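Colleague: Next up, upload_22.txt (compact mmCIF, C-alpha atoms and all ligand atoms).
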```txt
# COMPACT_ATOMS: atom_id res chain seq x y z
CA MET A 1 24.03 105.30 -22.24
CA ILE A 2 23.54 108.81 -21.01
CA ARG A 3 23.93 111.48 -23.64
CA VAL A 4 25.66 114.56 -22.33
CA THR A 5 26.26 117.97 -23.85
CA PRO A 6 29.82 118.86 -22.91
CA GLY A 7 29.42 122.59 -23.63
CA ILE A 8 31.62 122.50 -26.72
CA GLU A 9 30.93 124.70 -29.73
CA ALA A 10 32.44 122.85 -32.69
CA HIS A 11 33.28 124.92 -35.73
CA THR A 12 30.39 124.11 -38.10
CA HIS A 13 26.92 125.30 -39.20
CA ASP A 14 24.56 126.13 -36.30
CA TYR A 15 21.99 123.52 -37.34
CA ILE A 16 24.47 120.64 -37.18
CA LEU A 17 26.00 121.83 -33.92
CA THR A 18 24.88 119.61 -31.06
CA GLY A 19 27.32 119.69 -28.13
CA GLN A 20 26.80 123.25 -26.92
CA ASP A 21 25.05 124.10 -23.63
CA ASP A 22 22.02 125.55 -25.41
CA SER A 23 21.05 122.38 -27.27
CA LYS A 24 17.92 120.27 -27.45
CA PHE A 25 20.10 117.17 -27.11
CA GLY A 26 21.52 115.58 -24.01
CA PHE A 27 21.98 116.40 -20.33
CA GLY A 28 24.20 119.43 -19.73
CA LEU A 29 27.51 118.83 -17.97
CA THR A 30 27.87 122.48 -17.04
CA ASN A 31 24.44 123.05 -15.51
CA GLY A 32 24.36 119.90 -13.36
CA GLN A 33 21.64 118.09 -15.34
CA ALA A 34 24.02 115.29 -16.32
CA GLU A 35 24.98 114.74 -12.70
CA ARG A 36 21.32 114.51 -11.71
CA ALA A 37 20.73 111.99 -14.47
CA ILE A 38 23.63 109.84 -13.22
CA GLU A 39 22.30 110.04 -9.66
CA GLU A 40 18.86 108.92 -10.84
CA VAL A 41 20.37 106.05 -12.79
CA LEU A 42 22.47 104.92 -9.82
CA ALA A 43 19.50 105.19 -7.49
CA ASN A 44 17.45 103.02 -9.85
CA ALA A 45 19.99 100.36 -10.73
CA HIS A 46 17.17 97.79 -10.85
CA VAL A 47 15.77 99.65 -13.90
CA PHE A 48 18.86 101.05 -15.59
CA ASP A 49 22.01 99.29 -16.71
CA CYS A 50 24.14 102.28 -17.65
CA THR A 51 26.92 101.35 -20.08
CA GLY A 52 28.46 104.78 -20.06
CA LEU A 53 28.36 108.25 -21.52
CA HIS A 54 27.67 109.43 -25.04
CA CYS A 55 28.11 112.75 -26.77
CA HIS A 56 27.98 114.02 -30.33
CA ILE A 57 29.33 117.54 -30.71
CA GLY A 58 28.21 118.16 -34.28
CA SER A 59 28.86 117.29 -37.90
CA GLN A 60 31.15 118.27 -40.76
CA ILE A 61 34.02 119.06 -38.38
CA PHE A 62 37.46 119.44 -39.94
CA GLU A 63 39.64 119.78 -36.87
CA THR A 64 40.38 117.64 -33.86
CA THR A 65 40.19 120.40 -31.24
CA GLY A 66 36.44 120.03 -30.55
CA PHE A 67 36.76 116.28 -30.04
CA ILE A 68 39.77 116.70 -27.75
CA MET A 69 37.93 119.34 -25.73
CA ALA A 70 34.84 117.13 -25.44
CA ALA A 71 36.94 114.12 -24.37
CA HIS A 72 38.83 116.28 -21.87
CA ARG A 73 35.68 117.82 -20.42
CA ILE A 74 33.91 114.48 -20.01
CA MET A 75 36.95 112.78 -18.49
CA GLU A 76 37.30 115.69 -16.06
CA GLN A 77 33.71 115.10 -15.01
CA LEU A 78 34.23 111.35 -14.74
CA VAL A 79 37.03 111.98 -12.24
CA VAL A 80 34.55 113.96 -10.11
CA TRP A 81 31.81 111.34 -10.43
CA HIS A 82 34.24 108.52 -9.62
CA LYS A 83 35.03 110.15 -6.29
CA LYS A 84 31.64 111.66 -5.50
CA LEU A 85 29.21 109.04 -6.84
CA ASN A 86 31.40 105.97 -7.31
CA PHE A 87 30.32 106.09 -10.97
CA ASP A 88 32.58 104.76 -13.73
CA SER A 89 31.79 104.92 -17.42
CA LYS A 90 32.57 101.53 -18.99
CA VAL A 91 32.12 103.04 -22.43
CA LEU A 92 32.74 106.54 -23.68
CA ASN A 93 31.02 107.19 -27.03
CA LEU A 94 32.31 110.39 -28.60
CA GLY A 95 29.87 110.41 -31.51
CA GLY A 96 30.45 111.09 -35.19
CA GLY A 97 30.96 114.30 -37.08
CA PHE A 98 34.13 113.70 -39.12
CA GLY A 99 33.96 116.07 -42.08
CA VAL A 100 33.81 114.94 -45.72
CA ARG A 101 34.57 116.62 -49.04
CA TYR A 102 31.32 118.08 -50.36
CA THR A 103 33.22 120.78 -52.24
CA GLU A 104 36.80 121.62 -53.11
CA GLU A 105 36.94 123.93 -50.09
CA ASP A 106 36.44 121.03 -47.68
CA GLU A 107 39.66 119.47 -46.49
CA PRO A 108 38.81 116.36 -44.52
CA LEU A 109 41.25 114.72 -42.14
CA GLU A 110 41.74 110.98 -42.27
CA PRO A 111 39.45 109.34 -39.66
CA GLU A 112 42.61 107.88 -38.04
CA VAL A 113 43.68 111.41 -37.11
CA TYR A 114 40.52 112.11 -35.10
CA VAL A 115 40.66 108.68 -33.49
CA ARG A 116 44.33 108.98 -32.55
CA GLU A 117 43.78 112.37 -30.88
CA ILE A 118 40.64 111.25 -29.05
CA VAL A 119 42.32 108.10 -27.71
CA LYS A 120 45.40 110.10 -26.67
CA GLU A 121 43.33 112.57 -24.65
CA VAL A 122 41.13 109.96 -22.97
CA LYS A 123 44.16 107.84 -22.02
CA LYS A 124 46.09 110.86 -20.76
CA MET A 125 43.21 111.97 -18.54
CA ALA A 126 42.55 108.45 -17.25
CA LEU A 127 46.18 107.78 -16.39
CA ALA A 128 46.68 111.18 -14.77
CA ASN A 129 43.66 110.66 -12.53
CA GLY A 130 43.87 106.96 -11.71
CA LEU A 131 40.77 105.99 -13.69
CA ALA A 132 40.42 102.90 -15.86
CA VAL A 133 40.53 103.81 -19.56
CA PRO A 134 36.94 103.46 -20.80
CA GLU A 135 36.14 101.58 -23.98
CA ILE A 136 36.07 104.32 -26.62
CA TRP A 137 33.36 104.25 -29.25
CA ILE A 138 32.72 106.44 -32.26
CA GLU A 139 29.64 106.50 -34.49
CA PRO A 140 30.55 108.27 -37.73
CA GLY A 141 27.94 108.59 -40.47
CA ARG A 142 28.82 110.69 -43.49
CA SER A 143 32.53 109.83 -43.43
CA LEU A 144 31.58 106.20 -44.07
CA VAL A 145 29.13 106.64 -46.94
CA GLY A 146 28.90 110.29 -48.01
CA GLU A 147 31.44 110.29 -50.79
CA ALA A 148 30.14 106.98 -52.17
CA GLY A 149 26.92 108.59 -53.43
CA THR A 150 26.21 110.65 -56.55
CA THR A 151 22.76 111.96 -57.47
CA LEU A 152 21.82 112.16 -61.14
CA TYR A 153 19.29 114.79 -62.21
CA LYS A 154 17.90 115.58 -65.62
CA VAL A 155 18.30 119.21 -66.65
CA GLY A 156 15.00 120.84 -67.57
CA SER A 157 14.15 124.44 -68.30
CA ARG A 158 16.40 127.49 -68.07
CA LYS A 159 15.49 130.93 -66.81
CA GLU A 160 17.76 133.91 -67.40
CA VAL A 161 17.42 136.86 -65.07
CA PRO A 162 19.39 139.50 -67.00
CA GLY A 163 22.37 140.79 -65.10
CA ILE A 164 21.64 138.56 -62.12
CA ARG A 165 21.81 134.82 -62.77
CA SER A 166 20.82 131.86 -64.91
CA TYR A 167 18.61 129.25 -63.27
CA LEU A 168 18.68 125.65 -64.47
CA ALA A 169 15.78 123.57 -63.22
CA VAL A 170 16.29 119.86 -62.49
CA ASP A 171 13.87 117.00 -61.89
CA GLY A 172 14.56 116.75 -58.14
CA GLY A 173 15.51 119.04 -55.29
CA MET A 174 14.81 119.32 -51.58
CA SER A 175 12.63 116.20 -51.76
CA ASP A 176 15.69 114.04 -52.48
CA ASN A 177 18.34 116.27 -50.85
CA ILE A 178 17.05 118.59 -48.17
CA ARG A 179 20.49 119.62 -46.89
CA PRO A 180 20.95 122.80 -48.98
CA ALA A 181 17.50 124.08 -47.98
CA LEU A 182 17.84 122.98 -44.36
CA TYR A 183 21.34 124.18 -43.56
CA GLU A 184 22.77 125.85 -46.62
CA ALA A 185 24.90 122.83 -47.44
CA HIS A 186 27.13 123.25 -50.48
CA TYR A 187 27.64 120.75 -53.28
CA GLU A 188 29.57 120.44 -56.52
CA ALA A 189 28.37 118.90 -59.75
CA VAL A 190 29.35 118.20 -63.36
CA LEU A 191 27.55 117.25 -66.55
CA ALA A 192 27.67 113.45 -66.47
CA GLU A 193 28.49 113.19 -70.19
CA ALA A 194 31.23 115.82 -70.06
CA PRO A 195 32.72 115.91 -66.56
CA LEU A 196 36.05 117.35 -67.68
CA GLN A 197 34.77 119.81 -70.29
CA GLU A 198 35.80 123.40 -69.75
CA THR A 199 33.17 125.43 -67.91
CA GLU A 200 31.60 128.37 -69.74
CA GLU A 201 29.04 129.85 -67.39
CA THR A 202 27.94 129.90 -63.77
CA VAL A 203 24.41 128.64 -63.17
CA ALA A 204 22.08 128.20 -60.22
CA ILE A 205 20.57 124.73 -59.91
CA ALA A 206 16.92 124.99 -58.93
CA GLY A 207 14.89 122.15 -57.46
CA LYS A 208 11.31 121.51 -58.53
CA CYS A 209 9.58 122.15 -55.20
CA CYS A 210 7.47 125.26 -54.65
CA GLU A 211 9.97 126.98 -52.35
CA SER A 212 12.44 129.70 -53.32
CA GLY A 213 14.81 128.02 -50.87
CA ASP A 214 14.73 124.82 -52.92
CA MET A 215 18.06 125.54 -54.59
CA LEU A 216 20.54 122.68 -54.81
CA ILE A 217 23.55 124.80 -55.80
CA TRP A 218 23.67 128.59 -56.12
CA ASP A 219 26.88 129.11 -58.10
CA LEU A 220 27.90 126.17 -60.23
CA PRO A 221 30.42 126.59 -63.06
CA LEU A 222 29.28 124.39 -65.98
CA PRO A 223 29.84 123.96 -69.69
CA LYS A 224 26.83 125.06 -71.82
CA SER A 225 24.04 122.59 -71.07
CA ASN A 226 20.79 121.65 -72.73
CA ALA A 227 17.48 120.30 -71.52
CA GLY A 228 17.85 116.54 -71.16
CA ASP A 229 21.51 116.63 -70.06
CA VAL A 230 22.32 114.71 -66.89
CA LEU A 231 23.75 116.61 -63.95
CA ALA A 232 25.79 114.57 -61.44
CA VAL A 233 25.88 116.02 -57.91
CA PHE A 234 28.66 114.53 -55.80
CA CYS A 235 28.83 113.35 -52.21
CA THR A 236 25.16 112.61 -51.65
CA GLY A 237 25.65 109.18 -50.07
CA ALA A 238 24.77 110.38 -46.57
CA TYR A 239 21.57 112.16 -45.51
CA GLY A 240 20.32 112.14 -49.11
CA TYR A 241 18.01 109.21 -49.65
CA SER A 242 17.69 108.67 -45.89
CA MET A 243 16.23 112.20 -45.50
CA ALA A 244 14.30 112.12 -48.78
CA ASN A 245 10.66 113.05 -48.44
CA ASN A 246 7.46 113.55 -50.39
CA TYR A 247 7.33 117.35 -50.33
CA ASN A 248 4.83 118.44 -52.99
CA ARG A 249 3.94 114.74 -53.25
CA ILE A 250 7.06 114.10 -55.30
CA PRO A 251 7.88 110.38 -55.41
CA ARG A 252 11.35 109.46 -54.18
CA PRO A 253 13.98 108.44 -56.76
CA PRO A 254 15.48 104.96 -57.02
CA VAL A 255 18.88 103.97 -55.61
CA VAL A 256 21.39 102.09 -57.74
CA PHE A 257 24.62 100.50 -56.55
CA VAL A 258 27.49 100.51 -59.04
CA GLU A 259 30.75 98.61 -58.80
CA ASP A 260 33.32 97.83 -61.51
CA GLY A 261 30.91 98.85 -64.25
CA VAL A 262 28.11 96.65 -62.95
CA SER A 263 24.93 98.27 -61.66
CA ARG A 264 22.17 96.92 -59.48
CA LEU A 265 18.88 98.52 -58.51
CA VAL A 266 18.64 98.39 -54.72
CA VAL A 267 15.68 100.70 -54.05
CA ARG A 268 13.02 101.03 -56.70
CA ARG A 269 11.59 104.37 -57.80
CA GLU A 270 8.53 105.37 -55.76
CA SER A 271 5.27 105.43 -57.69
CA TYR A 272 2.15 107.56 -57.31
CA GLU A 273 0.41 104.39 -56.05
CA ASP A 274 3.04 104.24 -53.28
CA LEU A 275 2.17 107.80 -52.29
CA VAL A 276 -1.51 107.03 -51.69
CA ARG A 277 -1.02 103.53 -50.27
CA ASN A 278 -1.90 104.61 -46.74
CA ASP A 279 -4.80 106.87 -47.69
CA LEU A 280 -8.16 105.49 -46.60
CA PRO A 281 -11.13 106.13 -48.91
CA LEU A 282 -14.01 107.87 -47.14
CA TYR A 283 -16.72 106.02 -49.04
C1 LIG B 301 23.95 111.19 -32.27
C2 LIG B 301 24.61 111.17 -33.60
N1 LIG B 301 25.69 110.37 -33.77
C3 LIG B 301 26.34 110.31 -34.96
C4 LIG B 301 25.90 111.06 -36.04
C5 LIG B 301 26.67 110.96 -37.33
O1 LIG B 301 27.20 112.18 -37.70
P1 LIG B 301 28.14 112.34 -39.00
O2 LIG B 301 27.35 111.85 -40.16
O3 LIG B 301 28.39 113.80 -39.09
O4 LIG B 301 29.37 111.52 -38.76
C6 LIG B 301 24.79 111.90 -35.90
C7 LIG B 301 24.33 112.72 -37.02
O5 LIG B 301 23.43 113.50 -36.96
C8 LIG B 301 24.13 111.95 -34.65
O6 LIG B 301 23.06 112.74 -34.46
```
Show how you would write the structure in this file as structure tokens.
Modeller:
Amino acid sequence: MIRVTPGIEAHTHDYILTGQDDSKFGFGLTNGQAERAIEEVLANAHVFDCTGLHCHIGSQIFETTGFIMAAHRIMEQLVVWHKKLNFDSKVLNLGGGFGVRYTEEDEPLEPEVYVREIVKEVKKMALANGLAVPEIWIEPGRSLVGEAGTTLYKVGSRKEVPGIRSYLAVDGGMSDNIRPALYEAHYEAVLAEAPLQETEETVAIAGKCCESGDMLIWDLPLPKSNAGDVLAVFCTGAYGYSMANNYNRIPRPPVVFVEDGVSRLVVRRESYEDLVRNDLPLY
């Protein structure tokens, strides 16, 4: 498939925005690069078997407008390429990006809503212009698995900065969840033993890596907590473990599946031996 950037600026954080003209991803529709790519593919049909077009306009999107605009823009272009290049896209993959509820402020739409609107626009454009309706694909990520994950941290030390804030350190951080440090992603959390207990203070949850930016949550209302308490951070099922890393040579945590009160270890905790497995002794 040929990935195109349709020139759409979805309403989300800059670092998870991918469909705009100034993007490292894809061939631009607006600047003619996508057309050149199609011409190359058609001229080299013995090498390429082009299934169709692909785009992904960004992530954590809570409205359908961006998807409709992308579908509209690509279909418009397909009308031109049908006439000019005799090119038809068998498949149109409109990417992922459906928003999920990381915090109370997030109001996700049901996936059906995005899909219905996308299909409506593609069909409308195809019928109005005498094109066959392409097979429509989507490739959502976080909306499938994000809310299924919870990360458990142990609370460690506390640092009070008088008049400013209280830091609570936990035994993880950007090595198991890089999203807050990478794009200021927001999360909510509770004390696992007392999820419904009334909150008494607002704390900042600090990761253990040697970066001031390694903060998991800046303003978290919590009941009074003690070292050893377990903090449960919600909605870490996507881009958590899969983007976990060994910053500061911190071993990655285990992954446990839980269903109906039954738990099963599915990824074991990384050990220090694992961290040096690929190191080759000099002597
Ligand atoms: C090309 C592409 N498709 C799909 C996705 C899934 O996005 P999301 O998890 O926001 O649905 C991504 C995420 O980065 C992506 O880069």
Colleague: Quick one: contact table of chain A to ligand LIG 301 (chain B), 7 Å max, nearest atom pair and distance in Å to one decimal per residue, counting only C-alpha atoms and all ligand atoms, chain and number order, as a Markdown table?
Modeller:
```
| residue | atom | partner | partner_atom | distance |
| --- | --- | --- | --- | --- |
| A:His56 | CA | B:LIG301 | C1 | 5.3 |
| A:Gly58 | CA | B:LIG301 | O3 | 6.5 |
| A:Ser59 | CA | B:LIG301 | O3 | 3.7 |
| A:Gln60 | CA | B:LIG301 | O3 | 5.5 |
| A:Gly95 | CA | B:LIG301 | N1 | 4.8 |
| A:Gly96 | CA | B:LIG301 | O4 | 3.8 |
| A:Gly97 | CA | B:LIG301 | O3 | 3.3 |
| A:Phe98 | CA | B:LIG301 | O4 | 5.2 |
| A:Gly99 | CA | B:LIG301 | O3 | 6.7 |
| A:Glu139 | CA | B:LIG301 | C3 | 5.1 |
| A:Pro140 | CA | B:LIG301 | O4 | 3.6 |
| A:Gly141 | CA | B:LIG301 | O2 | 3.3 |
| A:Arg142 | CA | B:LIG301 | O2 | 3.8 |
| A:Ser143 | CA | B:LIG301 | O4 | 5.9 |
```
Colleague: Generate a file of the selected residues that holds C-alpha atoms, formatted as a compact mmCIF listing (two decimals), in the coordinates of the input.
Modeller:
```
# COMPACT_ATOMS: atom_id res chain seq x y z
CA HIS A 56 27.98 114.02 -30.33
CA GLY A 58 28.21 118.16 -34.28
CA SER A 59 28.86 117.29 -37.90
CA GLN A 60 31.15 118.27 -40.76
CA GLY A 95 29.87 110.41 -31.51
CA GLY A 96 30.45 111.09 -35.19
CA GLY A 97 30.96 114.30 -37.08
CA PHE A 98 34.13 113.70 -39.12
CA GLY A 99 33.96 116.07 -42.08
CA GLU A 139 29.64 106.50 -34.49
CA PRO A 140 30.55 108.27 -37.73
CA GLY A 141 27.94 108.59 -40.47
CA ARG A 142 28.82 110.69 -43.49
CA SER A 143 32.53 109.83 -43.43
```
Colleague: Give me the residues within 12 Å of Val80 in chain A as a PyMOL selection string, counting only C-alpha atoms and dropping any in the same chain fewer than 6 places off.
Modeller: chain A and resi 29+35+73-74+86-89+129-131
Colleague: Could the residues in this selection be saved with C-alpha atoms as a compact mmCIF listing (two decimals), keeping the file's coordinate frame?
Modeller:
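The resulting file, out-v8.txt, is reproduced below:
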```
# COMPACT_ATOMS: atom_id res chain seq x y z
CA LEU A 29 27.51 118.83 -17.97
CA GLU A 35 24.98 114.74 -12.70
CA ARG A 73 35.68 117.82 -20.42
CA ILE A 74 33.91 114.48 -20.01
CA ASN A 86 31.40 105.97 -7.31
CA PHE A 87 30.32 106.09 -10.97
CA ASP A 88 32.58 104.76 -13.73
CA SER A 89 31.79 104.92 -17.42
CA ASN A 129 43.66 110.66 -12.53
CA GLY A 130 43.87 106.96 -11.71
CA LEU A 131 40.77 105.99 -13.69
```
Colleague: What would the list of residues within 12 Å of (22.9, 128.8, -49.3) (file frame) look like as an NGL selection string, if all atoms listed in the file are what count?
Modeller: :A and (13 or 178-187 or 204-206 or 212-219)
Colleague: Which polymer residues have any atom within 12 Å of an atom of range 259-266 of chain A, counting all atoms listed in the file, with same-chain residues fewer than 4 positions away left out, as a PDB file with C-alpha atoms, in the frame of the given file?
Modeller:
```
ATOM      1  CA  ALA A 148      30.140 106.980 -52.170  1.00  0.00           C
ATOM      2  CA  GLY A 149      26.920 108.590 -53.430  1.00  0.00           C
ATOM      3  CA  TYR A 241      18.010 109.210 -49.650  1.00  0.00           C
ATOM      4  CA  PRO A 253      13.980 108.440 -56.760  1.00  0.00           C
ATOM      5  CA  PRO A 254      15.480 104.960 -57.020  1.00  0.00           C
ATOM      6  CA  VAL A 255      18.880 103.970 -55.610  1.00  0.00           C
TER       7      VAL A 255
END
```
Colleague: Let me make sure I understand: among A:Val233, A:Val100, A:Leu127, A:Ile38, which one has the smallest atom-to-atom distance to Val170 in chain A if we use only C-alpha atoms?
Modeller: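 Nearest to Val170 in chain A: A:Val233.
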Colleague: Here is a test: counting all atoms listed in the file, which residue of A:Glu76, A:Glu104, A:Glu270, A:Asp176 is nearest to Glu121 in chain A?
Modeller: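 Checking each of A:Glu76, A:Glu104, A:Glu270, A:Asp176 against Glu121 in chain A, counting all atoms listed in the file, the winner is A:Glu76.
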Colleague: Which distance in Å separates CA of Ser166 in chain A and CA of Leu220 in chain A, to one decimal?
Modeller: 10.2 Å
Colleague: Which distance in Å separates CA of Ala126 in chain A and CA of Val4 in chain A, to one decimal?
Modeller: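 Going from CA of Ala126 in chain A over to CA of Val4 in chain A covers 18.7 Å.
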Colleague: Expressed in Å to a single decimal, how great is the separation between CA of Val155 in chain A and CA of Met174 in chain A?
Modeller: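 Going from CA of Val155 in chain A over to CA of Met174 in chain A covers 15.5 Å.
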Colleague: Pull the neighbourhood of (30.5, 115.0, -66.9) for me: all residues within 10 Å in file coordinates, counting all atoms listed in the file, as a PyMOL selection string.
Modeller: chain A and resi 189-197+222-223+229-232
Colleague: Taking into account all atoms listed in the file, which residue in the set A:Leu85, A:Gly172, A:Met125, A:Cys235 is nearest to Ala43 in chain A?
Modeller: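 Looking only at the distances to Ala43 in chain A, the closest residue turns out to be A:Leu85.
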Colleague: Can you tell me, as a ChimeraX atom specification, what residues are no more than 10 Å from Ala70 in chain A when counting only C-alpha atoms, ignoring any on the same chain fewer than 3 positions away?
Modeller: /A:5-10,19,55-57,65-67,73-76,94,118,121-122
Colleague: Nearest residue to Gln77 in chain A out of A:Gly28, A:Glu188, A:Met243, A:Tyr114, using only C-alpha atoms?
Modeller: A:Gly28
Colleague: Counting all atoms listed in the file, which residue out of A:Gly156, A:Gly240, A:Pro221, A:Gly52 sits closest to Ile2 in chain A?
Modeller: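 Looking only at the distances to Ile2 in chain A, the closest residue turns out to be A:Gly52.
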Colleague: Using all atoms listed in the file, which of A:His46, A:Ile136, A:Arg3, A:Glu39 sits nearest Phe27 in chain A?
Modeller: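 Ranked by minimum distance to Phe27 in chain A, first place goes to A:Arg3.
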Colleague: Counting only C-alpha atoms, what is within 12 Å of Ile250 in chain A, bar same-chain residues fewer than 5 positions away, as JSON, numbers by chain?
Modeller: {"A": [171, 172, 173, 174, 175, 176, 207, 208, 209, 210, 244, 245, 269, 270, 271, 272, 273, 274, 275, 276]}
Colleague: Once you add 6 Å to each side, what are the centre and edge lengths of the axis-aligned box holding all listed atoms of range 69-83 of chain A? One decimal in Å, as lines of an AutoDock Vina configuration file, if you can.
Modeller:
```
center_x = 35.3
center_y = 113.9
center_z = -16.0
size_x = 19.0
size_y = 22.8
size_z = 31.4
```
